[in-house]
file query22.txt (compact mmCIF, C-alpha atoms)
# COMPACT_ATOMS: atom_id res chain seq x y z
CA MET A 1 -7.99 35.92 -18.26
CA ARG A 2 -11.24 34.11 -19.15
CA THR A 3 -14.54 35.85 -18.39
CA LEU A 4 -17.96 34.68 -17.24
CA ALA A 5 -19.47 36.22 -20.39
CA GLU A 6 -17.38 33.76 -22.41
CA LEU A 7 -17.76 30.70 -20.19
CA TRP A 8 -21.29 30.92 -18.78
CA PRO A 9 -22.71 28.36 -21.26
CA VAL A 10 -20.04 25.91 -20.11
CA VAL A 11 -20.66 26.53 -16.39
CA ALA A 12 -24.47 26.45 -16.67
CA GLY A 13 -24.44 23.46 -19.01
CA MET A 14 -22.13 21.44 -16.77
CA ALA A 15 -24.22 22.28 -13.71
CA ILE A 16 -27.44 21.18 -15.43
CA VAL A 17 -25.98 17.98 -16.91
CA THR A 18 -24.44 17.03 -13.56
CA TYR A 19 -27.69 17.66 -11.68
CA LEU A 20 -29.62 15.57 -14.22
CA THR A 21 -27.26 12.63 -13.67
CA ARG A 22 -27.72 13.02 -9.90
CA ALA A 23 -31.52 13.18 -10.04
CA GLY A 24 -31.82 10.84 -13.02
CA GLY A 25 -31.07 7.76 -10.93
CA LEU A 26 -34.24 8.39 -8.94
CA ALA A 27 -36.35 9.42 -11.91
CA ILE A 28 -35.29 7.08 -14.68
CA ILE A 29 -33.46 4.05 -13.36
CA GLY A 30 -35.14 2.03 -10.66
CA PRO A 31 -33.01 -0.42 -8.71
CA ALA A 32 -34.63 -3.26 -10.68
CA GLN A 33 -33.19 -1.89 -13.94
CA THR A 34 -29.65 -1.58 -12.55
CA THR A 35 -28.32 -4.73 -14.19
CA PRO A 36 -24.74 -6.01 -13.89
CA ARG A 37 -24.39 -5.38 -17.64
CA LEU A 38 -25.33 -1.69 -17.24
CA VAL A 39 -22.89 -1.33 -14.35
CA ARG A 40 -20.10 -2.92 -16.46
CA ASN A 41 -20.80 -0.69 -19.44
CA LEU A 42 -20.71 2.45 -17.29
CA GLN A 43 -17.41 1.27 -15.83
CA HIS A 44 -16.03 0.82 -19.36
CA LEU A 45 -17.16 4.37 -20.15
CA ALA A 46 -15.31 5.71 -17.10
CA THR A 47 -12.16 3.80 -18.11
CA GLY A 48 -12.51 5.14 -21.66
CA VAL A 49 -12.92 8.76 -20.54
CA LEU A 50 -9.95 8.69 -18.15
CA THR A 51 -7.69 6.91 -20.67
CA ALA A 52 -8.61 9.40 -23.38
CA LEU A 53 -7.86 12.32 -21.03
CA VAL A 54 -4.46 10.90 -20.07
CA VAL A 55 -3.54 10.14 -23.70
CA ALA A 56 -4.67 13.60 -24.89
CA SER A 57 -2.75 15.36 -22.09
CA VAL A 58 0.43 13.43 -22.87
CA ARG A 59 -0.06 13.95 -26.63
CA ASP A 60 -0.38 17.72 -26.17
CA GLY A 61 2.28 18.10 -23.45
CA ASP A 62 6.05 17.87 -23.28
CA ALA A 63 8.24 15.02 -22.01
CA ALA A 64 7.73 16.21 -18.43
CA ILE A 65 3.96 15.68 -18.71
CA GLY A 66 4.51 12.13 -20.01
CA ALA A 67 6.87 11.40 -17.13
CA ALA A 68 4.34 12.89 -14.69
CA ALA A 69 1.60 10.55 -15.96
CA ILE A 70 3.88 7.52 -15.51
CA ALA A 71 4.83 8.67 -12.01
CA ALA A 72 1.17 9.06 -11.02
CA ILE A 73 0.34 5.55 -12.28
CA VAL A 74 3.30 3.98 -10.45
CA VAL A 75 2.64 5.80 -7.16
CA THR A 76 -1.07 4.92 -7.26
CA ARG A 77 -0.21 1.25 -7.88
CA VAL A 78 2.30 1.22 -5.02
CA THR A 79 0.53 3.36 -2.41
CA GLY A 80 -3.12 3.44 -3.52
CA HIS A 81 -3.08 7.07 -2.42
CA MET A 82 -4.37 9.58 -4.95
CA LEU A 83 -2.91 12.71 -3.37
CA ALA A 84 0.53 11.09 -3.18
CA ALA A 85 0.20 10.22 -6.86
CA ILE A 86 -0.78 13.77 -7.88
CA SER A 87 2.09 15.21 -5.82
CA ALA A 88 4.50 12.74 -7.44
CA ALA A 89 3.29 13.84 -10.87
CA ALA A 90 4.04 17.52 -10.10
CA PHE A 91 7.41 16.68 -8.55
CA THR A 92 8.40 14.49 -11.52
CA ALA A 93 7.45 17.15 -14.06
CA ALA A 94 9.48 19.77 -12.16
CA LEU A 95 12.44 17.39 -11.91
CA VAL A 96 12.40 16.49 -15.62
CA ARG A 97 12.26 20.17 -16.60
CA ALA A 98 15.11 21.03 -14.21
CA LEU A 99 17.25 18.26 -15.73
CA MET A 100 16.43 19.29 -19.29
CA THR A 101 17.37 22.97 -18.86
CA MET B 1 -41.87 -2.29 13.17
CA SER B 2 -39.41 -3.67 10.57
CA GLU B 3 -36.50 -1.60 9.24
CA LEU B 4 -38.29 -1.05 5.92
CA GLU B 5 -41.43 0.25 7.65
CA LYS B 6 -39.56 2.89 9.69
CA PRO B 7 -40.58 6.40 8.56
CA VAL B 8 -38.15 8.21 6.25
CA VAL B 9 -37.32 11.76 7.33
CA LEU B 10 -34.86 14.57 6.56
CA THR B 11 -33.91 16.42 9.74
CA ARG B 12 -31.37 19.00 10.85
CA ALA B 13 -30.02 16.52 13.41
CA GLY B 14 -29.45 14.03 10.61
CA CYS B 15 -27.64 16.70 8.56
CA LEU B 16 -25.34 17.53 11.48
CA LYS B 17 -24.64 13.84 12.05
CA GLY B 18 -23.76 13.35 8.37
CA ALA B 19 -21.51 16.43 8.34
CA ARG B 20 -19.69 15.29 11.49
CA GLU B 21 -19.05 11.81 10.10
CA ILE B 22 -17.66 13.04 6.76
CA LEU B 23 -15.28 15.64 8.30
CA PRO B 24 -12.13 13.45 8.21
CA LEU B 25 -12.62 12.96 4.48
CA CYS B 26 -12.99 16.72 3.97
CA THR B 27 -9.21 17.08 4.38
CA PHE B 28 -8.73 15.08 1.19
CA VAL B 29 -11.55 17.00 -0.52
CA PHE B 30 -9.89 20.30 0.42
CA VAL B 31 -6.52 19.35 -1.05
CA LEU B 32 -8.09 18.00 -4.24
CA ALA B 33 -10.19 21.16 -4.57
CA ALA B 34 -7.08 23.29 -4.08
CA THR B 35 -5.45 21.27 -6.87
CA PHE B 36 -8.41 22.12 -9.08
CA GLY B 37 -8.06 25.78 -8.12
CA VAL B 38 -4.42 25.76 -9.24
CA ALA B 39 -5.27 23.96 -12.49
CA ALA B 40 -8.17 26.34 -13.16
CA ARG B 41 -5.86 29.36 -12.81
CA GLN B 42 -3.55 27.62 -15.27
CA ALA B 43 -6.48 27.43 -17.70
CA GLY B 44 -7.02 31.17 -17.35
CA LEU B 45 -9.93 31.24 -14.87
CA SER B 46 -9.98 33.92 -12.20
CA THR B 47 -10.28 32.88 -8.55
CA TRP B 48 -13.97 33.75 -8.37
CA LEU B 49 -14.78 32.05 -11.70
CA ALA B 50 -13.00 28.86 -10.59
CA SER B 51 -14.95 29.00 -7.31
CA LEU B 52 -18.19 29.54 -9.22
CA VAL B 53 -17.51 26.44 -11.33
CA SER B 54 -16.90 24.40 -8.18
CA ALA B 55 -20.04 25.76 -6.50
CA ALA B 56 -22.29 25.19 -9.51
CA VAL B 57 -20.95 21.84 -10.72
CA PHE B 58 -19.43 20.13 -7.63
CA ALA B 59 -18.07 17.19 -9.62
CA GLY B 60 -14.28 16.88 -9.51
CA GLY B 61 -13.66 14.54 -12.44
CA ALA B 62 -15.87 16.49 -14.84
CA GLN B 63 -14.40 19.83 -13.72
CA PHE B 64 -10.81 18.65 -14.27
CA ALA B 65 -11.77 17.19 -17.65
CA ALA B 66 -13.45 20.43 -18.77
CA LEU B 67 -10.24 22.39 -18.16
CA ALA B 68 -8.58 20.36 -20.91
CA LEU B 69 -11.23 21.53 -23.40
CA LEU B 70 -11.69 25.18 -22.43
CA GLY B 71 -9.84 26.47 -25.45
CA PRO B 72 -10.25 29.31 -26.31
CA PRO B 73 -12.75 28.95 -27.78
CA PRO B 74 -14.36 26.50 -25.34
CA ALA B 75 -15.47 23.22 -26.94
CA ILE B 76 -18.94 23.39 -25.36
CA LEU B 77 -20.58 20.25 -26.77
CA PRO B 78 -17.59 17.97 -26.09
CA ILE B 79 -17.37 19.41 -22.55
CA LEU B 80 -21.06 18.72 -21.87
CA LEU B 81 -20.97 15.22 -23.37
CA GLY B 82 -17.78 14.53 -21.44
CA THR B 83 -19.49 15.73 -18.26
CA LEU B 84 -22.36 13.34 -18.96
CA ALA B 85 -19.99 10.44 -19.60
CA ILE B 86 -17.89 11.04 -16.49
CA ASN B 87 -20.92 11.57 -14.24
CA ALA B 88 -22.99 8.71 -15.68
CA ARG B 89 -22.11 6.64 -12.63
CA LEU B 90 -24.19 9.07 -10.53
CA LEU B 91 -27.27 7.58 -12.20
CA LEU B 92 -26.44 4.30 -10.48
CA LEU B 93 -25.78 5.96 -7.12
CA GLY B 94 -29.16 7.70 -7.35
CA ALA B 95 -30.87 4.48 -8.34
CA ALA B 96 -29.40 2.73 -5.31
CA LEU B 97 -30.82 5.48 -3.08
CA ALA B 98 -34.28 5.21 -4.65
CA PRO B 99 -35.81 2.87 -2.03
CA TRP B 100 -34.87 5.46 0.60
CA LEU B 101 -35.30 8.85 -1.08
CA LEU B 102 -38.47 8.04 -3.04
CA ARG B 103 -40.29 7.91 0.30
CA LEU B 104 -39.49 11.61 0.90
CA PRO B 105 -41.61 14.48 -0.49
CA ARG B 106 -40.58 15.32 -4.08
CA TRP B 107 -38.96 18.69 -3.24
CA GLN B 108 -36.90 17.11 -0.47
CA ARG B 109 -35.58 14.25 -2.60
CA LEU B 110 -34.81 16.50 -5.57
CA SER B 111 -32.94 18.86 -3.22
CA ALA B 112 -31.14 16.03 -1.45
CA VAL B 113 -29.49 14.72 -4.62
CA THR B 114 -28.03 18.16 -5.42
CA VAL B 115 -25.04 17.31 -3.21
CA LEU B 116 -24.83 13.61 -4.12
CA SER B 117 -21.25 12.39 -4.61
CA ASP B 118 -19.38 9.10 -4.27
CA ALA B 119 -18.26 9.67 -0.69
CA ASN B 120 -21.51 10.79 0.94
CA TRP B 121 -23.38 8.15 -1.06
CA ALA B 122 -21.12 5.42 0.38
CA GLN B 123 -21.52 6.85 3.88
CA ALA B 124 -25.31 7.10 3.51
CA MET B 125 -25.66 3.58 2.15
CA ARG B 126 -23.70 2.23 5.12
CA ALA B 127 -26.00 4.13 7.46
CA TYR B 128 -29.10 2.89 5.59
CA ALA B 129 -27.91 -0.72 5.86
CA ALA B 130 -27.49 -0.16 9.60
CA GLY B 131 -31.13 0.97 9.89
CA GLU B 132 -30.76 4.75 9.52
CA ARG B 133 -33.77 6.35 7.79
CA ASP B 134 -32.89 10.05 8.20
CA ALA B 135 -31.81 11.26 4.73
CA GLY B 136 -30.14 14.19 6.51
CA VAL B 137 -26.99 12.05 6.82
CA LEU B 138 -26.67 12.15 3.02
CA VAL B 139 -27.48 15.86 2.75
CA GLY B 140 -25.35 17.00 5.71
CA ALA B 141 -22.31 15.09 4.49
CA GLY B 142 -22.85 16.41 0.96
CA LEU B 143 -23.14 20.00 2.16
CA ALA B 144 -19.96 19.70 4.24
CA MET B 145 -18.13 18.38 1.18
CA TRP B 146 -19.59 21.08 -1.07
CA ILE B 147 -18.51 23.90 1.26
CA THR B 148 -15.04 22.34 1.55
CA TRP B 149 -14.86 21.94 -2.24
CA VAL B 150 -15.64 25.61 -2.89
CA ILE B 151 -13.31 26.96 -0.17
CA GLY B 152 -10.54 24.60 -1.30
CA THR B 153 -10.89 25.76 -4.91
CA ALA B 154 -10.66 29.43 -3.92
CA THR B 155 -7.66 28.72 -1.68
CA GLY B 156 -5.81 26.84 -4.45
CA ALA B 157 -6.56 29.53 -7.02
CA LEU B 158 -5.36 32.28 -4.68
CA ALA B 159 -2.24 30.35 -3.70
CA SER B 160 -1.31 29.72 -7.34
CA MET B 161 -1.16 33.49 -7.93
CA ALA B 162 1.90 33.53 -5.69
CA VAL B 163 3.71 31.14 -8.06
CA PRO B 164 4.77 33.05 -11.20
CA ASN B 165 6.01 30.06 -13.24
CA VAL B 166 3.79 27.06 -12.54
CA GLY B 167 5.57 24.89 -15.12
CA ARG B 168 8.85 25.20 -13.25
CA PHE B 169 7.22 23.69 -10.17
CA GLY B 170 5.37 21.00 -12.14
CA LEU B 171 1.96 22.41 -11.20
CA ASP B 172 0.76 22.07 -14.80
CA ALA B 173 1.17 18.29 -14.35
CA LEU B 174 -1.46 18.15 -11.58
CA LEU B 175 -4.22 17.59 -14.13
CA VAL B 176 -2.62 14.63 -15.91
CA GLY B 177 -1.57 13.32 -12.48
CA PHE B 178 -5.19 13.37 -11.34
CA PHE B 179 -6.45 11.59 -14.48
CA ALA B 180 -3.71 8.94 -14.36
CA ALA B 181 -4.23 8.32 -10.64
CA ALA B 182 -8.02 8.04 -11.04
CA LEU B 183 -7.59 5.63 -13.95
CA THR B 184 -5.16 3.44 -11.99
CA ASP B 185 -7.24 3.59 -8.81
CA GLY B 186 -10.33 2.26 -10.62
CA TRP B 187 -8.44 -0.32 -12.67
CA ARG B 188 -10.05 -3.78 -12.33
CA GLY B 189 -7.42 -5.77 -14.20
CA LYS B 190 -7.45 -7.40 -17.64
CA SER B 191 -11.14 -6.74 -18.18
CA ASP B 192 -10.40 -3.00 -18.39
CA ALA B 193 -7.61 -3.38 -20.96
CA PRO B 194 -9.80 -3.41 -24.13
CA ALA B 195 -11.56 -0.19 -23.05
CA ALA B 196 -8.25 1.53 -22.27
CA ILE B 197 -6.51 0.37 -25.46
CA GLY B 198 -9.54 1.25 -27.58
CA ALA B 199 -9.77 4.72 -26.04
CA ALA B 200 -6.05 5.40 -26.52
CA VAL B 201 -6.04 4.29 -30.17
CA VAL B 202 -9.19 6.24 -31.09
CA THR B 203 -8.02 9.39 -29.23
CA LEU B 204 -4.72 9.43 -31.12
CA ALA B 205 -6.40 8.57 -34.44
CA MET B 206 -8.95 11.39 -34.09
CA ALA B 207 -6.20 13.91 -33.37
CA ALA B 208 -4.25 12.66 -36.39
CA LEU B 209 -7.37 13.21 -38.49
CA GLY B 210 -7.58 16.81 -37.26
CA ALA B 211 -10.50 16.42 -34.81
CA ARG B 212 -8.62 17.40 -31.64
CA ASP B 213 -11.65 18.90 -29.85
CA TRP B 214 -13.63 15.70 -30.30
CA SER B 215 -10.77 13.26 -29.81
CA ILE B 216 -11.34 12.82 -26.05
CA LEU B 217 -15.08 12.23 -26.30
CA ILE B 218 -14.95 9.92 -29.33
CA GLY B 219 -11.93 8.16 -27.84
CA ALA B 220 -13.90 7.53 -24.64
CA ILE B 221 -16.88 6.16 -26.56
CA GLY B 222 -14.56 4.01 -28.68
CA GLY B 223 -13.01 2.63 -25.51
CA ALA B 224 -16.39 1.86 -23.94
CA ALA B 225 -17.49 0.11 -27.14
CA ALA B 226 -14.29 -1.96 -27.18
CA GLY B 227 -14.86 -2.93 -23.54
CA ALA B 228 -18.48 -3.94 -24.19
CA TRP B 229 -17.48 -5.90 -27.31
CA SER B 230 -14.78 -7.71 -25.35
CA ASP B 231 -17.28 -8.56 -22.59
CA ALA B 232 -19.70 -10.01 -25.13
CA HIS B 233 -17.02 -12.17 -26.74
CA THR B 234 -15.39 -13.54 -23.60
CA ARG B 235 -18.58 -14.96 -22.07
call {"tool": "encode", "arguments": {"input": "query22.txt", "output": "structure tokens"}}
result
Amino acid sequence: MRTLAELWPVVAGMAIVTYLTRAGGLAIIGPAQTTPRLVRNLQHLATGVLTALVVASVRDGDAAIGAAAIAAIVVTRVTGHMLAAISAAAFTAALVRALMT
Amino acid sequence: MSELEKPVVLTRAGCLKGAREILPLCTFVFVLAATFGVAARQAGLSTWLASLVSAAVFAGGAQFAALALLGPPPAILPILLGTLAINARLLLLGAALAPWLLRLPRWQRLSAVTVLSDANWAQAMRAYAAGERDAGVLVGAGLAMWITWVIGTATGALASMAVPNVGRFGLDALLVGFFAAALTDGWRGKSDAPAAIGAAVVTLAMAALGARDWSILIGAIGGAAAGAWSDAHTR
């Protein structure tokens, strides 16, 4: 089990970085500086982060994790419902493992 | 008096109004938080430590992403840079609130953004457009979501202790399910393809080169660069 003594820099650092992004919009970026180009680049960053997380999870997981990712993508496309997609991912992973054993 | 000249305030009544209006969405927040609680237990966090993370950070995407990098040992710098990248959109949300919140005393506006998230921002902006000037609607909704987020995390973490083999029930796939669903939900079509392809290629290449801890962060930056490059060359 992980301890706070080991993880406090992570918890404190994440809390500080997240607060700075929340307050930073007021302090640094005025509405006049919020250009369409900045918005697009931030959107590309979000796409990049999420893609990298999916690819890394699939790379490090088994076949069931890969199938779960595909199921989540398909269910989100069809239903547009995130919770349904996450549930489908868990169900698919369980199903694949049951079939493989 | 025009809408812009109306005085900006932060009242308890406004907070209660904001909390009431966001309650239906709290059901979704609770389930997602419970999912995080389960995933956090998977990553070796105790129930109280998972709840502490939710209370201190209150940012779902960044919290889920950090679990993938917790090690041991935890990859601290990649986690923090990843948190910055995932939450960078909050800069824009805050900027959009500036005309409203900058008219509050400094301590009030710096406190108000503590609970800023996508959902209460959207709700507050709708209220602002309709003439609302009580920033309590933002704060009250944010507090309701924060409380729900922490309780949901604790509930999920406790519930997962009752399941001895999470892999058998597919619970270890919740994390990748969340990432894949969030990616698909925000997908804007062909314009996102260069960023996604770039991120995937760089993530795999970095791992092949032995830099697994950094592969997600550098992959994300590579994807963003590919997206920006594509934008510049298709205009």
call {"tool": "closest_residue", "arguments": {"input": "query22.txt", "among": "B:Gly142, B:Gly177, B:Pro7, B:Pro72", "to": "B:Phe36", "atoms": "only C-alpha atoms"}}
result
B:Gly177
call {"tool": "residues_around", "arguments": {"input": "query22.txt", "residues": "A:Met14", "least_positions_apart": "3", "cutoff": "9 Å", "atoms": "all atoms listed in the file", "output": "CSV table (one decimal) with C-alpha atoms, in the coordinates of the input"}}
result
chain,number,residue,atom,x,y,z
A,9,PRO,CA,-22.7,28.4,-21.3
A,10,VAL,CA,-20.0,25.9,-20.1
A,11,VAL,CA,-20.7,26.5,-16.4
A,17,VAL,CA,-26.0,18.0,-16.9
A,18,THR,CA,-24.4,17.0,-13.6
A,19,TYR,CA,-27.7,17.7,-11.7
B,53,VAL,CA,-17.5,26.4,-11.3
B,56,ALA,CA,-22.3,25.2,-9.5
B,57,VAL,CA,-21.0,21.8,-10.7
B,62,ALA,CA,-15.9,16.5,-14.8
B,63,GLN,CA,-14.4,19.8,-13.7
B,66,ALA,CA,-13.4,20.4,-18.8
B,79,ILE,CA,-17.4,19.4,-22.6
B,80,LEU,CA,-21.1,18.7,-21.9
B,83,THR,CA,-19.5,15.7,-18.3
B,84,LEU,CA,-22.4,13.3,-19.0
call {"tool": "residues_around", "arguments": {"input": "query22.txt", "residues": "A:Thr92", "least_positions_apart": "2", "cutoff": "8 Å", "atoms": "all atoms listed in the file", "output": "list of chain:residue names"}}
result
A:Ala64, A:Ala67, A:Ala68, A:Ala71, A:Ala88, A:Ala89, A:Ala90, A:Ala94, A:Leu95, A:Val96, B:Gly170
call {"tool": "interface_residues", "arguments": {"input": "query22.txt", "of": "chain B", "to": "chain A", "cutoff": "7 Å", "atoms": "all atoms listed in the file", "output": "PyMOL selection string"}}
result
chain B and resi 44-46+49+53+56-57+76+80+83-96+98+110+113-114+116+168-171+173-174+176-181+183-185+192+195-196+199-200+203+216+219-221+223-224+227-228
call {"tool": "write_last_selection", "arguments": {"input": "query22.txt", "atoms": "C-alpha atoms", "output": "CSV table (one decimal), keeping the file's coordinate frame"}}
result
chain,number,residue,atom,x,y,z
B,44,GLY,CA,-7.0,31.2,-17.4
B,45,LEU,CA,-9.9,31.2,-14.9
B,46,SER,CA,-10.0,33.9,-12.2
B,49,LEU,CA,-14.8,32.0,-11.7
B,53,VAL,CA,-17.5,26.4,-11.3
B,56,ALA,CA,-22.3,25.2,-9.5
B,57,VAL,CA,-21.0,21.8,-10.7
B,76,ILE,CA,-18.9,23.4,-25.4
B,80,LEU,CA,-21.1,18.7,-21.9
B,83,THR,CA,-19.5,15.7,-18.3
B,84,LEU,CA,-22.4,13.3,-19.0
B,85,ALA,CA,-20.0,10.4,-19.6
B,86,ILE,CA,-17.9,11.0,-16.5
B,87,ASN,CA,-20.9,11.6,-14.2
B,88,ALA,CA,-23.0,8.7,-15.7
B,89,ARG,CA,-22.1,6.6,-12.6
B,90,LEU,CA,-24.2,9.1,-10.5
B,91,LEU,CA,-27.3,7.6,-12.2
B,92,LEU,CA,-26.4,4.3,-10.5
B,93,LEU,CA,-25.8,6.0,-7.1
B,94,GLY,CA,-29.2,7.7,-7.4
B,95,ALA,CA,-30.9,4.5,-8.3
B,96,ALA,CA,-29.4,2.7,-5.3
B,98,ALA,CA,-34.3,5.2,-4.6
B,110,LEU,CA,-34.8,16.5,-5.6
B,113,VAL,CA,-29.5,14.7,-4.6
B,114,THR,CA,-28.0,18.2,-5.4
B,116,LEU,CA,-24.8,13.6,-4.1
B,168,ARG,CA,8.8,25.2,-13.2
B,169,PHE,CA,7.2,23.7,-10.2
B,170,GLY,CA,5.4,21.0,-12.1
B,171,LEU,CA,2.0,22.4,-11.2
B,173,ALA,CA,1.2,18.3,-14.4
B,174,LEU,CA,-1.5,18.2,-11.6
B,176,VAL,CA,-2.6,14.6,-15.9
B,177,GLY,CA,-1.6,13.3,-12.5
B,178,PHE,CA,-5.2,13.4,-11.3
B,179,PHE,CA,-6.4,11.6,-14.5
B,180,ALA,CA,-3.7,8.9,-14.4
B,181,ALA,CA,-4.2,8.3,-10.6
B,183,LEU,CA,-7.6,5.6,-14.0
B,184,THR,CA,-5.2,3.4,-12.0
B,185,ASP,CA,-7.2,3.6,-8.8
B,192,ASP,CA,-10.4,-3.0,-18.4
B,195,ALA,CA,-11.6,-0.2,-23.0
B,196,ALA,CA,-8.2,1.5,-22.3
B,199,ALA,CA,-9.8,4.7,-26.0
B,200,ALA,CA,-6.0,5.4,-26.5
B,203,THR,CA,-8.0,9.4,-29.2
B,216,ILE,CA,-11.3,12.8,-26.0
B,219,GLY,CA,-11.9,8.2,-27.8
B,220,ALA,CA,-13.9,7.5,-24.6
B,221,ILE,CA,-16.9,6.2,-26.6
B,223,GLY,CA,-13.0,2.6,-25.5
B,224,ALA,CA,-16.4,1.9,-23.9
B,227,GLY,CA,-14.9,-2.9,-23.5
B,228,ALA,CA,-18.5,-3.9,-24.2
call {"tool": "atom_distance", "arguments": {"input": "query22.txt", "atom1": "atom CA of B:Phe64", "atom2": "atom CA of A:Thr101"}}
result
28.9 Å
